[in-house]
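Chemist: I'd like to ask you about the structure that follows.
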Amino acid sequence: MIQFALSGDNSAAQPNVNATTTTSNGVETPDGALETTEPSADVKVGTGSFKQQRGMLTVEVTRVESANGRLKLFVTATNASQARMTLPVDGIAVLDDLKRTYAASSSKWEGLVTQGSKTSGTVVLDEKLGSGVNSVTLTFSSISGQFAPTGAAITVTGIPVPK
């Protein structure tokens, strides 16, 4: 079993990053390994804290998995307000550092964050990443709720793609 520890200042400006490579064998896979992983594919894993806070909402990416060009982000949304917020799957988009956009409709994301709580899920890109991509930006647009951020969107930038 691989264990990850986060330490130090985990701000978006100074992320704490660790990267490892594991190999899946079809029987045992890393926690939450990409469902699209082929039996002998290398799953590259990066961990850290990449987050953005807007108003009463914070979105954080703590783990990134890459396998055969497919990317999976482990995301937590925290709602510090006194009203629920909704972050719908169809409002998720990922932009790579080469300015290509990816949808994430096959994600396992609940979307509803009740007041004073948090929800976690995974954002899985519908397409493989293009070659030469080093980082991605995750955006939740179409956020609804009484205390939703101005502009109804939140963006987490500078999420590194494990190599």
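Residues are referred to by chain and number: the chain letter is A, B, ... according to the order shown in the structure tokens, the number counts from 1 in that chain, and ligands are numbered separately from 1 in the order shown.
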For Ala152 (chain A), please output as number ranges by chain all residues within 12 Å (counting only C-alpha atoms; exclusion window: fewer than 6 positions along the same chain).
Modeler: A: 54-55, 57, 85-88, 91, 139-146
Chemist: Can I get the selected residues back with all heavy atoms, as a tab-separated table (two decimals), in the first residue's frame?
Modeler:
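Dumped to selection18.tsv:
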chain	number	residue	atom	x	y	z
A	54	ARG	N	-13.48	31.04	-3.33
A	54	ARG	CA	-14.23	32.22	-3.80
A	54	ARG	C	-15.44	32.32	-2.91
A	54	ARG	O	-16.30	31.44	-2.89
A	54	ARG	CB	-14.65	32.06	-5.26
A	54	ARG	CG	-13.46	32.07	-6.18
A	54	ARG	CD	-13.73	32.50	-7.59
A	54	ARG	NE	-14.34	33.82	-7.67
A	54	ARG	CZ	-15.37	34.09	-8.46
A	54	ARG	NH1	-15.91	33.17	-9.23
A	54	ARG	NH2	-15.87	35.32	-8.50
A	55	GLY	N	-15.51	33.41	-2.17
A	55	GLY	CA	-16.62	33.58	-1.25
A	55	GLY	C	-16.62	32.48	-0.22
A	55	GLY	O	-15.61	32.23	0.43
A	57	LEU	N	-17.08	29.26	-0.85
A	57	LEU	CA	-16.83	27.98	-1.50
A	57	LEU	C	-15.33	27.78	-1.73
A	57	LEU	O	-14.65	28.69	-2.21
A	57	LEU	CB	-17.55	27.91	-2.85
A	57	LEU	CG	-17.37	26.64	-3.66
A	57	LEU	CD1	-17.99	25.43	-2.94
A	57	LEU	CD2	-18.00	26.80	-5.04
A	85	MET	N	-25.17	24.67	-2.18
A	85	MET	CA	-24.69	25.06	-3.50
A	85	MET	C	-24.65	23.82	-4.37
A	85	MET	O	-24.46	22.71	-3.88
A	85	MET	CB	-23.27	25.65	-3.43
A	85	MET	CG	-23.18	26.99	-2.75
A	85	MET	SD	-21.51	27.65	-2.92
A	85	MET	CE	-21.41	28.65	-1.45
A	86	THR	N	-24.83	24.03	-5.66
A	86	THR	CA	-24.77	22.94	-6.61
A	86	THR	C	-23.69	23.24	-7.63
A	86	THR	O	-23.65	24.32	-8.21
A	86	THR	CB	-26.13	22.75	-7.32
A	86	THR	OG1	-27.14	22.56	-6.31
A	86	THR	CG2	-26.10	21.56	-8.25
A	87	LEU	N	-22.80	22.26	-7.83
A	87	LEU	CA	-21.71	22.35	-8.81
A	87	LEU	C	-21.95	21.21	-9.81
A	87	LEU	O	-21.43	20.11	-9.63
A	87	LEU	CB	-20.35	22.18	-8.15
A	87	LEU	CG	-19.88	23.29	-7.21
A	87	LEU	CD1	-20.57	23.25	-5.86
A	87	LEU	CD2	-18.39	23.20	-7.03
A	88	PRO	N	-22.75	21.43	-10.84
A	88	PRO	CA	-23.15	20.33	-11.73
A	88	PRO	C	-22.00	19.78	-12.58
A	88	PRO	O	-21.07	20.50	-12.94
A	88	PRO	CB	-24.22	20.96	-12.61
A	88	PRO	CG	-23.93	22.41	-12.58
A	88	PRO	CD	-23.31	22.70	-11.25
A	91	GLY	N	-21.11	21.41	-15.78
A	91	GLY	CA	-20.41	22.68	-15.65
A	91	GLY	C	-18.92	22.52	-15.41
A	91	GLY	O	-18.22	23.49	-15.16
A	139	THR	N	-12.19	24.03	-13.87
A	139	THR	CA	-13.21	25.05	-13.65
A	139	THR	C	-14.56	24.41	-13.42
A	139	THR	O	-14.97	23.52	-14.17
A	139	THR	CB	-13.30	26.01	-14.85
A	139	THR	OG1	-12.04	26.67	-15.00
A	139	THR	CG2	-14.39	27.05	-14.66
A	140	PHE	N	-15.24	24.88	-12.38
A	140	PHE	CA	-16.64	24.56	-12.17
A	140	PHE	C	-17.39	25.83	-12.53
A	140	PHE	O	-17.24	26.85	-11.86
A	140	PHE	CB	-16.92	24.20	-10.71
A	140	PHE	CG	-16.45	22.84	-10.30
A	140	PHE	CD1	-15.18	22.65	-9.81
A	140	PHE	CD2	-17.30	21.75	-10.40
A	140	PHE	CE1	-14.75	21.40	-9.42
A	140	PHE	CE2	-16.88	20.48	-10.03
A	140	PHE	CZ	-15.59	20.31	-9.54
A	141	SER	N	-18.19	25.78	-13.58
A	141	SER	CA	-19.03	26.91	-13.94
A	141	SER	C	-20.47	26.49	-13.67
A	141	SER	O	-20.74	25.35	-13.32
A	141	SER	CB	-18.83	27.31	-15.39
A	141	SER	OG	-19.15	26.22	-16.23
A	142	SER	N	-21.39	27.39	-13.80
A	142	SER	CA	-22.81	27.09	-13.56
A	142	SER	C	-23.12	26.74	-12.11
A	142	SER	O	-24.03	25.97	-11.84
A	142	SER	CB	-23.29	25.96	-14.48
A	142	SER	OG	-22.99	26.22	-15.82
A	143	ILE	N	-22.34	27.27	-11.17
A	143	ILE	CA	-22.60	27.02	-9.76
A	143	ILE	C	-23.86	27.78	-9.35
A	143	ILE	O	-24.02	28.94	-9.68
A	143	ILE	CB	-21.40	27.47	-8.89
A	143	ILE	CG1	-20.14	26.71	-9.30
A	143	ILE	CG2	-21.70	27.26	-7.41
A	143	ILE	CD1	-18.88	27.25	-8.66
A	144	SER	N	-24.75	27.10	-8.65
A	144	SER	CA	-25.97	27.76	-8.20
A	144	SER	C	-26.08	27.67	-6.69
A	144	SER	O	-25.48	26.80	-6.07
A	144	SER	CB	-27.19	27.14	-8.87
A	144	SER	OG	-27.32	25.78	-8.50
A	145	GLY	N	-26.83	28.57	-6.13
A	145	GLY	CA	-27.05	28.62	-4.70
A	145	GLY	C	-27.03	30.06	-4.23
A	145	GLY	O	-26.44	30.93	-4.87
A	146	GLN	N	-27.67	30.31	-3.11
A	146	GLN	CA	-27.78	31.67	-2.57
A	146	GLN	C	-26.43	32.33	-2.36
A	146	GLN	O	-26.27	33.53	-2.59
A	146	GLN	CB	-28.55	31.62	-1.26
A	146	GLN	CG	-28.76	32.98	-0.62
A	146	GLN	CD	-29.55	32.87	0.68
A	146	GLN	OE1	-29.97	31.79	1.09
A	146	GLN	NE2	-29.75	34.00	1.34
Chemist: Could you pull the residues within 9 Å of Val156 (chain A), counting only C-alpha atoms, minus those fewer than 2 positions along the same chain, as an mmCIF file with C-alpha atoms, in the first residue's frame?
Modeler:
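Output below, filename around_20.cif:
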data_model
loop_
_atom_site.group_PDB
_atom_site.id
_atom_site.type_symbol
_atom_site.label_atom_id
_atom_site.label_comp_id
_atom_site.auth_asym_id
_atom_site.auth_seq_id
_atom_site.Cartn_x
_atom_site.Cartn_y
_atom_site.Cartn_z
ATOM 1 C CA ALA A 12 -2.269 27.488 -4.216
ATOM 2 C CA PHE A 50 -4.210 22.804 -5.290
ATOM 3 C CA LYS A 51 -7.141 24.940 -4.279
ATOM 4 C CA GLN A 52 -9.137 28.064 -4.833
ATOM 5 C CA GLN A 53 -11.557 29.832 -2.522
ATOM 6 C CA VAL A 59 -12.490 23.657 -4.293
ATOM 7 C CA GLU A 60 -9.353 21.566 -3.722
ATOM 8 C CA VAL A 61 -7.576 18.943 -5.846
ATOM 9 C CA VAL A 136 -4.261 21.660 -16.199
ATOM 10 C CA THR A 137 -6.821 24.125 -14.891
ATOM 11 C CA LEU A 138 -10.104 22.861 -13.421
ATOM 12 C CA THR A 139 -13.205 25.052 -13.650
ATOM 13 C CA PHE A 140 -16.639 24.556 -12.170
ATOM 14 C CA ILE A 154 -14.534 28.773 -9.468
ATOM 15 C CA GLY A 158 -1.619 25.043 -12.005
ATOM 16 C CA ILE A 159 -2.528 21.413 -11.332
#
Chemist: Which residues, written as an mmCIF file with all heavy atoms, in the first residue's frame, have at least one atom at most 9 Å from region 114-123 of chain A, with only C-alpha atoms counted and residues fewer than 3 positions away on the same chain left out?
Modeler:
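Contents of result-v2.cif, freshly written:
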data_model
loop_
_atom_site.group_PDB
_atom_site.id
_atom_site.type_symbol
_atom_site.label_atom_id
_atom_site.label_comp_id
_atom_site.auth_asym_id
_atom_site.auth_seq_id
_atom_site.Cartn_x
_atom_site.Cartn_y
_atom_site.Cartn_z
ATOM 1 N N GLY A 32 -8.594 4.054 -6.073
ATOM 2 C CA GLY A 32 -9.270 4.916 -7.028
ATOM 3 C C GLY A 32 -8.591 4.980 -8.383
ATOM 4 O O GLY A 32 -8.724 5.961 -9.090
ATOM 5 N N LEU A 71 -6.776 11.294 -17.604
ATOM 6 C CA LEU A 71 -6.503 12.022 -16.371
ATOM 7 C C LEU A 71 -7.695 11.938 -15.432
ATOM 8 O O LEU A 71 -8.845 12.043 -15.855
ATOM 9 C CB LEU A 71 -6.207 13.488 -16.690
ATOM 10 C CG LEU A 71 -5.508 14.285 -15.606
ATOM 11 C CD1 LEU A 71 -4.092 13.765 -15.378
ATOM 12 C CD2 LEU A 71 -5.453 15.748 -15.973
ATOM 13 N N LYS A 72 -7.398 11.747 -14.156
ATOM 14 C CA LYS A 72 -8.418 11.672 -13.117
ATOM 15 C C LYS A 72 -7.985 12.573 -11.965
ATOM 16 O O LYS A 72 -6.872 12.440 -11.453
ATOM 17 C CB LYS A 72 -8.554 10.231 -12.630
ATOM 18 C CG LYS A 72 -9.623 10.005 -11.596
ATOM 19 C CD LYS A 72 -9.673 8.506 -11.272
ATOM 20 C CE LYS A 72 -10.868 8.137 -10.457
ATOM 21 N NZ LYS A 72 -10.936 6.677 -10.241
ATOM 22 N N LEU A 73 -8.859 13.509 -11.576
ATOM 23 C CA LEU A 73 -8.586 14.447 -10.502
ATOM 24 C C LEU A 73 -9.468 14.110 -9.301
ATOM 25 O O LEU A 73 -10.661 13.871 -9.462
ATOM 26 C CB LEU A 73 -8.890 15.877 -10.953
ATOM 27 C CG LEU A 73 -8.220 16.356 -12.239
ATOM 28 C CD1 LEU A 73 -8.798 17.690 -12.672
ATOM 29 C CD2 LEU A 73 -6.727 16.446 -12.058
ATOM 30 N N PHE A 74 -8.888 14.097 -8.117
ATOM 31 C CA PHE A 74 -9.625 13.847 -6.885
ATOM 32 C C PHE A 74 -9.923 15.206 -6.260
ATOM 33 O O PHE A 74 -9.000 15.934 -5.897
ATOM 34 C CB PHE A 74 -8.806 12.962 -5.945
ATOM 35 C CG PHE A 74 -8.667 11.553 -6.454
ATOM 36 C CD1 PHE A 74 -7.841 11.261 -7.523
ATOM 37 C CD2 PHE A 74 -9.385 10.522 -5.877
ATOM 38 C CE1 PHE A 74 -7.716 9.970 -8.009
ATOM 39 C CE2 PHE A 74 -9.277 9.221 -6.359
ATOM 40 C CZ PHE A 74 -8.437 8.943 -7.425
ATOM 41 N N VAL A 75 -11.208 15.534 -6.164
ATOM 42 C CA VAL A 75 -11.643 16.887 -5.843
ATOM 43 C C VAL A 75 -12.539 16.892 -4.609
ATOM 44 O O VAL A 75 -13.376 16.002 -4.431
ATOM 45 C CB VAL A 75 -12.426 17.486 -7.043
ATOM 46 C CG1 VAL A 75 -12.878 18.903 -6.747
ATOM 47 C CG2 VAL A 75 -11.595 17.435 -8.314
ATOM 48 N N THR A 76 -12.368 17.929 -3.773
ATOM 49 C CA THR A 76 -13.252 18.168 -2.641
ATOM 50 C C THR A 76 -13.768 19.597 -2.731
ATOM 51 O O THR A 76 -12.986 20.522 -2.971
ATOM 52 C CB THR A 76 -12.509 17.971 -1.303
ATOM 53 O OG1 THR A 76 -12.037 16.631 -1.229
ATOM 54 C CG2 THR A 76 -13.424 18.242 -0.112
ATOM 55 N N ALA A 77 -15.063 19.772 -2.554
ATOM 56 C CA ALA A 77 -15.680 21.100 -2.507
ATOM 57 C C ALA A 77 -16.210 21.316 -1.096
ATOM 58 O O ALA A 77 -16.910 20.458 -0.559
ATOM 59 C CB ALA A 77 -16.806 21.215 -3.512
ATOM 60 N N THR A 78 -15.859 22.459 -0.503
ATOM 61 C CA THR A 78 -16.290 22.791 0.850
ATOM 62 C C THR A 78 -17.163 24.039 0.807
ATOM 63 O O THR A 78 -16.759 25.067 0.273
ATOM 64 C CB THR A 78 -15.069 23.043 1.766
ATOM 65 O OG1 THR A 78 -14.226 21.890 1.738
ATOM 66 C CG2 THR A 78 -15.512 23.326 3.191
ATOM 67 N N ASN A 79 -18.349 23.916 1.364
ATOM 68 C CA ASN A 79 -19.324 25.001 1.391
ATOM 69 C C ASN A 79 -19.411 25.519 2.827
ATOM 70 O O ASN A 79 -19.958 24.862 3.704
ATOM 71 C CB ASN A 79 -20.683 24.474 0.927
ATOM 72 C CG ASN A 79 -21.784 25.502 0.986
ATOM 73 O OD1 ASN A 79 -21.586 26.627 1.405
ATOM 74 N ND2 ASN A 79 -22.975 25.101 0.571
ATOM 75 N N ALA A 80 -18.879 26.707 3.073
ATOM 76 C CA ALA A 80 -18.895 27.295 4.419
ATOM 77 C C ALA A 80 -20.114 28.179 4.648
ATOM 78 O O ALA A 80 -20.224 28.821 5.688
ATOM 79 C CB ALA A 80 -17.616 28.099 4.637
ATOM 80 N N SER A 81 -21.027 28.221 3.694
ATOM 81 C CA SER A 81 -22.191 29.095 3.820
ATOM 82 C C SER A 81 -23.339 28.412 4.566
ATOM 83 O O SER A 81 -23.253 27.243 4.913
ATOM 84 C CB SER A 81 -22.679 29.532 2.435
ATOM 85 O OG SER A 81 -23.425 28.500 1.823
ATOM 86 N N GLN A 82 -24.419 29.162 4.736
ATOM 87 C CA GLN A 82 -25.614 28.651 5.408
ATOM 88 C C GLN A 82 -26.684 28.210 4.416
ATOM 89 O O GLN A 82 -27.846 28.065 4.781
ATOM 90 C CB GLN A 82 -26.170 29.714 6.357
ATOM 91 C CG GLN A 82 -25.215 30.055 7.485
ATOM 92 C CD GLN A 82 -24.870 28.830 8.324
ATOM 93 O OE1 GLN A 82 -25.741 28.083 8.755
ATOM 94 N NE2 GLN A 82 -23.583 28.591 8.533
ATOM 95 N N ALA A 83 -26.306 28.021 3.162
ATOM 96 C CA ALA A 83 -27.242 27.545 2.133
ATOM 97 C C ALA A 83 -26.511 26.573 1.213
ATOM 98 O O ALA A 83 -25.308 26.664 1.040
ATOM 99 C CB ALA A 83 -27.796 28.726 1.325
ATOM 100 N N ARG A 84 -27.244 25.667 0.622
ATOM 101 C CA ARG A 84 -26.610 24.678 -0.246
ATOM 102 C C ARG A 84 -26.146 25.313 -1.555
ATOM 103 O O ARG A 84 -26.662 26.346 -1.982
ATOM 104 C CB ARG A 84 -27.547 23.515 -0.524
ATOM 105 C CG ARG A 84 -28.730 23.877 -1.374
ATOM 106 C CD ARG A 84 -29.643 22.702 -1.537
ATOM 107 N NE ARG A 84 -30.588 22.976 -2.602
ATOM 108 C CZ ARG A 84 -31.411 22.090 -3.084
ATOM 109 N NH1 ARG A 84 -31.414 20.867 -2.606
ATOM 110 N NH2 ARG A 84 -32.226 22.402 -4.051
ATOM 111 N N MET A 85 -25.170 24.665 -2.178
ATOM 112 C CA MET A 85 -24.687 25.061 -3.499
ATOM 113 C C MET A 85 -24.653 23.816 -4.370
ATOM 114 O O MET A 85 -24.464 22.708 -3.877
ATOM 115 C CB MET A 85 -23.273 25.648 -3.427
ATOM 116 C CG MET A 85 -23.183 26.985 -2.751
ATOM 117 S SD MET A 85 -21.511 27.650 -2.922
ATOM 118 C CE MET A 85 -21.412 28.655 -1.455
ATOM 119 N N THR A 86 -24.835 24.035 -5.656
ATOM 120 C CA THR A 86 -24.774 22.938 -6.609
ATOM 121 C C THR A 86 -23.686 23.240 -7.629
ATOM 122 O O THR A 86 -23.650 24.317 -8.210
ATOM 123 C CB THR A 86 -26.130 22.754 -7.320
ATOM 124 O OG1 THR A 86 -27.137 22.559 -6.315
ATOM 125 C CG2 THR A 86 -26.102 21.562 -8.248
ATOM 126 N N VAL A 89 -22.099 18.479 -12.889
ATOM 127 C CA VAL A 89 -21.103 17.814 -13.728
ATOM 128 C C VAL A 89 -20.993 18.493 -15.086
ATOM 129 O O VAL A 89 -19.887 18.677 -15.608
ATOM 130 C CB VAL A 89 -21.439 16.309 -13.910
ATOM 131 C CG1 VAL A 89 -20.569 15.676 -14.976
ATOM 132 C CG2 VAL A 89 -21.263 15.574 -12.597
ATOM 133 N N ILE A 92 -18.421 21.278 -15.483
ATOM 134 C CA ILE A 92 -16.997 21.016 -15.260
ATOM 135 C C ILE A 92 -16.255 21.082 -16.590
ATOM 136 O O ILE A 92 -16.659 20.460 -17.572
ATOM 137 C CB ILE A 92 -16.768 19.630 -14.628
ATOM 138 C CG1 ILE A 92 -17.446 19.533 -13.258
ATOM 139 C CG2 ILE A 92 -15.275 19.319 -14.511
ATOM 140 C CD1 ILE A 92 -17.414 18.136 -12.653
ATOM 141 N N ALA A 104 -15.794 16.668 -18.856
ATOM 142 C CA ALA A 104 -15.638 15.664 -17.809
ATOM 143 C C ALA A 104 -16.976 15.054 -17.435
ATOM 144 O O ALA A 104 -17.294 14.865 -16.259
ATOM 145 C CB ALA A 104 -14.960 16.294 -16.599
ATOM 146 N N SER A 105 -17.788 14.714 -18.422
ATOM 147 C CA SER A 105 -19.141 14.218 -18.162
ATOM 148 C C SER A 105 -19.166 12.834 -17.526
ATOM 149 O O SER A 105 -20.157 12.457 -16.921
ATOM 150 C CB SER A 105 -19.965 14.221 -19.448
ATOM 151 O OG SER A 105 -19.385 13.358 -20.393
ATOM 152 N N SER A 106 -18.070 12.069 -17.642
ATOM 153 C CA SER A 106 -18.049 10.727 -17.058
ATOM 154 C C SER A 106 -17.521 10.739 -15.618
ATOM 155 O O SER A 106 -17.220 9.700 -15.062
ATOM 156 C CB SER A 106 -17.195 9.793 -17.924
ATOM 157 O OG SER A 106 -15.878 10.308 -18.047
ATOM 158 N N SER A 107 -17.465 11.911 -15.020
ATOM 159 C CA SER A 107 -16.959 12.053 -13.653
ATOM 160 C C SER A 107 -17.906 11.439 -12.635
ATOM 161 O O SER A 107 -19.103 11.308 -12.882
ATOM 162 C CB SER A 107 -16.764 13.527 -13.338
ATOM 163 O OG SER A 107 -15.839 14.093 -14.233
ATOM 164 N N LYS A 108 -17.357 11.090 -11.484
ATOM 165 C CA LYS A 108 -18.160 10.625 -10.354
ATOM 166 C C LYS A 108 -18.225 11.793 -9.378
ATOM 167 O O LYS A 108 -17.421 11.915 -8.461
ATOM 168 C CB LYS A 108 -17.532 9.386 -9.722
ATOM 169 C CG LYS A 108 -17.613 8.178 -10.619
ATOM 170 C CD LYS A 108 -17.100 6.946 -9.953
ATOM 171 C CE LYS A 108 -17.226 5.773 -10.909
ATOM 172 N NZ LYS A 108 -16.680 4.550 -10.354
ATOM 173 N N TRP A 109 -19.163 12.672 -9.644
ATOM 174 C CA TRP A 109 -19.266 13.916 -8.895
ATOM 175 C C TRP A 109 -20.724 14.144 -8.523
ATOM 176 O O TRP A 109 -21.578 14.266 -9.390
ATOM 177 C CB TRP A 109 -18.733 15.068 -9.757
ATOM 178 C CG TRP A 109 -18.794 16.375 -9.056
ATOM 179 C CD1 TRP A 109 -19.686 17.381 -9.293
ATOM 180 C CD2 TRP A 109 -17.971 16.805 -7.986
ATOM 181 N NE1 TRP A 109 -19.438 18.417 -8.423
ATOM 182 C CE2 TRP A 109 -18.396 18.083 -7.609
ATOM 183 C CE3 TRP A 109 -16.900 16.224 -7.291
ATOM 184 C CZ2 TRP A 109 -17.799 18.795 -6.583
ATOM 185 C CZ3 TRP A 109 -16.302 16.925 -6.277
ATOM 186 C CH2 TRP A 109 -16.750 18.209 -5.936
ATOM 187 N N GLU A 110 -20.998 14.224 -7.228
ATOM 188 C CA GLU A 110 -22.360 14.400 -6.739
ATOM 189 C C GLU A 110 -22.920 15.767 -7.124
ATOM 190 O O GLU A 110 -24.042 15.880 -7.569
ATOM 191 C CB GLU A 110 -22.383 14.229 -5.210
ATOM 192 C CG GLU A 110 -23.709 14.513 -4.562
ATOM 193 C CD GLU A 110 -24.806 13.554 -4.973
ATOM 194 O OE1 GLU A 110 -24.511 12.373 -5.225
ATOM 195 O OE2 GLU A 110 -25.963 13.996 -5.050
ATOM 196 N N GLY A 111 -22.150 16.817 -6.908
ATOM 197 C CA GLY A 111 -22.568 18.149 -7.315
ATOM 198 C C GLY A 111 -23.262 18.964 -6.250
ATOM 199 O O GLY A 111 -23.125 20.176 -6.219
#
Chemist: For Phe147 (chain A), which residue out of A:Leu95, A:Val124, A:Ala103, A:Val113 is the nearest one, using only C-alpha atoms?
Modeler: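 Looking at the shortest contact to Phe147 (chain A), the residue is A:Val113.
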Chemist: Could you state the separation of CA of Thr47 (chain A) and CA of Ala148 (chain A) in Å, given to one decimal place?
Modeler: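 It comes out at 27.5 Å.
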Chemist: Can you tell me, as a PyMOL selection string, what residues are no more than 7 Å from Arg70 (chain A) when counting only C-alpha atoms, ignoring any on the same chain fewer than 6 positions away?
Modeler: chain A and resi 125+127-129
Chemist: Can I get the selection written as a PDB file, in the first residue's frame, with all heavy atoms?
Modeler:
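Output saved as again.pdb:
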ATOM      1  N   LEU A 125     -11.482  13.050 -17.225  1.00  0.00           N
ATOM      2  CA  LEU A 125     -11.599  13.681 -18.534  1.00  0.00           C
ATOM      3  C   LEU A 125     -12.151  12.697 -19.549  1.00  0.00           C
ATOM      4  O   LEU A 125     -11.785  11.525 -19.554  1.00  0.00           O
ATOM      5  CB  LEU A 125     -10.238  14.198 -19.004  1.00  0.00           C
ATOM      6  CG  LEU A 125      -9.548  15.196 -18.082  1.00  0.00           C
ATOM      7  CD1 LEU A 125      -8.349  15.811 -18.789  1.00  0.00           C
ATOM      8  CD2 LEU A 125     -10.482  16.266 -17.594  1.00  0.00           C
ATOM      9  N   GLU A 127     -11.669  12.760 -22.745  1.00  0.00           N
ATOM     10  CA  GLU A 127     -10.688  12.496 -23.803  1.00  0.00           C
ATOM     11  C   GLU A 127      -9.304  12.350 -23.189  1.00  0.00           C
ATOM     12  O   GLU A 127      -9.052  12.844 -22.101  1.00  0.00           O
ATOM     13  CB  GLU A 127     -10.627  13.674 -24.776  1.00  0.00           C
ATOM     14  CG  GLU A 127     -11.924  14.056 -25.416  1.00  0.00           C
ATOM     15  CD  GLU A 127     -11.761  15.362 -26.182  1.00  0.00           C
ATOM     16  OE1 GLU A 127     -10.839  15.456 -27.007  1.00  0.00           O
ATOM     17  OE2 GLU A 127     -12.544  16.279 -25.929  1.00  0.00           O
ATOM     18  N   LYS A 128      -8.406  11.719 -23.947  1.00  0.00           N
ATOM     19  CA  LYS A 128      -7.017  11.636 -23.518  1.00  0.00           C
ATOM     20  C   LYS A 128      -6.376  13.011 -23.637  1.00  0.00           C
ATOM     21  O   LYS A 128      -6.731  13.805 -24.509  1.00  0.00           O
ATOM     22  CB  LYS A 128      -6.240  10.646 -24.387  1.00  0.00           C
ATOM     23  CG  LYS A 128      -6.635   9.208 -24.161  1.00  0.00           C
ATOM     24  CD  LYS A 128      -5.769   8.285 -24.974  1.00  0.00           C
ATOM     25  CE  LYS A 128      -6.104   6.838 -24.663  1.00  0.00           C
ATOM     26  NZ  LYS A 128      -5.184   5.925 -25.343  1.00  0.00           N
ATOM     27  N   LEU A 129      -5.426  13.278 -22.750  1.00  0.00           N
ATOM     28  CA  LEU A 129      -4.672  14.528 -22.825  1.00  0.00           C
ATOM     29  C   LEU A 129      -3.818  14.535 -24.087  1.00  0.00           C
ATOM     30  O   LEU A 129      -3.320  13.495 -24.510  1.00  0.00           O
ATOM     31  CB  LEU A 129      -3.733  14.663 -21.626  1.00  0.00           C
ATOM     32  CG  LEU A 129      -4.319  15.057 -20.293  1.00  0.00           C
ATOM     33  CD1 LEU A 129      -3.231  15.084 -19.229  1.00  0.00           C
ATOM     34  CD2 LEU A 129      -5.014  16.396 -20.360  1.00  0.00           C
TER      35      LEU A 129
END
Chemist: Let me make sure I understand: among A:Asp42, A:Asp96, A:Asp90, A:Asp126, which one has the smallest atom-to-atom distance to Glu65 (chain A) if we use only C-alpha atoms?
Modeler: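 Ranking A:Asp42, A:Asp96, A:Asp90, A:Asp126 by distance to Glu65 (chain A), first place goes to A:Asp42.
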Chemist: Excluding same-chain residues fewer than 4 positions from Gly132 (chain A), what lies within 12 Å of it counting only C-alpha atoms, as JSON, numbers by chain?
Modeler: {"A": [69, 96, 97, 98, 99, 100, 128, 136, 161, 162, 163]}
Chemist: At what distance in Å, to one decimal, does CA of Asn68 (chain A) lie from CA of Gly130 (chain A)?
Modeler: 10.9 Å
Chemist: At what distance in Å, to one decimal, does CA of Tyr102 (chain A) lie from CA of Met56 (chain A)?
Modeler: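 Going from CA of Met56 (chain A) over to CA of Tyr102 (chain A), I get 26.7 Å.
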Chemist: Could you find all residues in region 17-157 of chain A that DSSP calls strand (DSSP E) from the backbone, and write them as a PyMOL selection string?
Modeler: chain A and resi 18-23+42-54+57-67+70-79+85-86+92-96+101-103+112-113+117-124+135-140+154-157
Chemist: Could you write those residues out with C-alpha atoms, as a short mmCIF file (atom, residue, chain, number, x, y, z; two decimals), in the first residue's frame?
Modeler:
data_model
loop_
_atom_site.label_atom_id
_atom_site.label_comp_id
_atom_site.auth_asym_id
_atom_site.auth_seq_id
_atom_site.Cartn_x
_atom_site.Cartn_y
_atom_site.Cartn_z
CA ASN A 18 4.77 14.45 -4.47
CA ALA A 19 4.85 12.18 -7.51
CA THR A 20 5.10 8.40 -7.74
CA THR A 21 4.63 5.76 -10.39
CA THR A 22 2.81 2.52 -9.71
CA THR A 23 1.99 -0.36 -11.98
CA ASP A 42 1.54 2.56 -15.52
CA VAL A 43 -0.55 4.77 -13.30
CA LYS A 44 1.36 7.92 -12.48
CA VAL A 45 0.20 9.66 -9.31
CA GLY A 46 0.74 13.20 -8.08
CA THR A 47 -0.45 14.50 -4.74
CA GLY A 48 -0.57 17.93 -3.18
CA SER A 49 -3.00 20.69 -2.39
CA PHE A 50 -4.21 22.80 -5.29
CA LYS A 51 -7.14 24.94 -4.28
CA GLN A 52 -9.14 28.06 -4.83
CA GLN A 53 -11.56 29.83 -2.52
CA ARG A 54 -14.23 32.22 -3.80
CA LEU A 57 -16.83 27.98 -1.50
CA THR A 58 -13.44 26.23 -1.64
CA VAL A 59 -12.49 23.66 -4.29
CA GLU A 60 -9.35 21.57 -3.72
CA VAL A 61 -7.58 18.94 -5.85
CA THR A 62 -5.47 16.60 -3.69
CA ARG A 63 -4.55 13.80 -6.08
CA VAL A 64 -4.03 13.45 -9.82
CA GLU A 65 -3.74 10.13 -11.65
CA SER A 66 -2.58 9.73 -15.22
CA ALA A 67 -2.73 6.46 -17.17
CA ARG A 70 -6.35 9.66 -19.33
CA LEU A 71 -6.50 12.02 -16.37
CA LYS A 72 -8.42 11.67 -13.12
CA LEU A 73 -8.59 14.45 -10.50
CA PHE A 74 -9.63 13.85 -6.88
CA VAL A 75 -11.64 16.89 -5.84
CA THR A 76 -13.25 18.17 -2.64
CA ALA A 77 -15.68 21.10 -2.51
CA THR A 78 -16.29 22.79 0.85
CA ASN A 79 -19.32 25.00 1.39
CA MET A 85 -24.69 25.06 -3.50
CA THR A 86 -24.77 22.94 -6.61
CA ILE A 92 -17.00 21.02 -15.26
CA ALA A 93 -14.27 21.86 -17.77
CA VAL A 94 -10.53 21.30 -17.80
CA LEU A 95 -8.11 23.45 -19.79
CA ASP A 96 -4.57 22.23 -20.40
CA THR A 101 -10.40 22.15 -23.37
CA TYR A 102 -11.70 18.81 -22.10
CA ALA A 103 -15.16 17.87 -20.84
CA LEU A 112 -24.70 19.06 -4.30
CA VAL A 113 -22.80 20.58 -1.36
CA SER A 117 -20.33 20.64 4.65
CA LYS A 118 -18.11 19.22 1.95
CA THR A 119 -18.36 16.66 -0.80
CA SER A 120 -15.67 14.71 -2.62
CA GLY A 121 -15.54 12.96 -5.94
CA THR A 122 -13.49 12.39 -9.05
CA VAL A 123 -13.28 14.36 -12.24
CA VAL A 124 -12.36 12.11 -15.18
CA SER A 135 -0.51 21.17 -16.13
CA VAL A 136 -4.26 21.66 -16.20
CA THR A 137 -6.82 24.13 -14.89
CA LEU A 138 -10.10 22.86 -13.42
CA THR A 139 -13.21 25.05 -13.65
CA PHE A 140 -16.64 24.56 -12.17
CA ILE A 154 -14.53 28.77 -9.47
CA THR A 155 -11.21 27.85 -11.07
CA VAL A 156 -8.22 25.91 -9.72
CA THR A 157 -5.06 26.63 -11.74
#
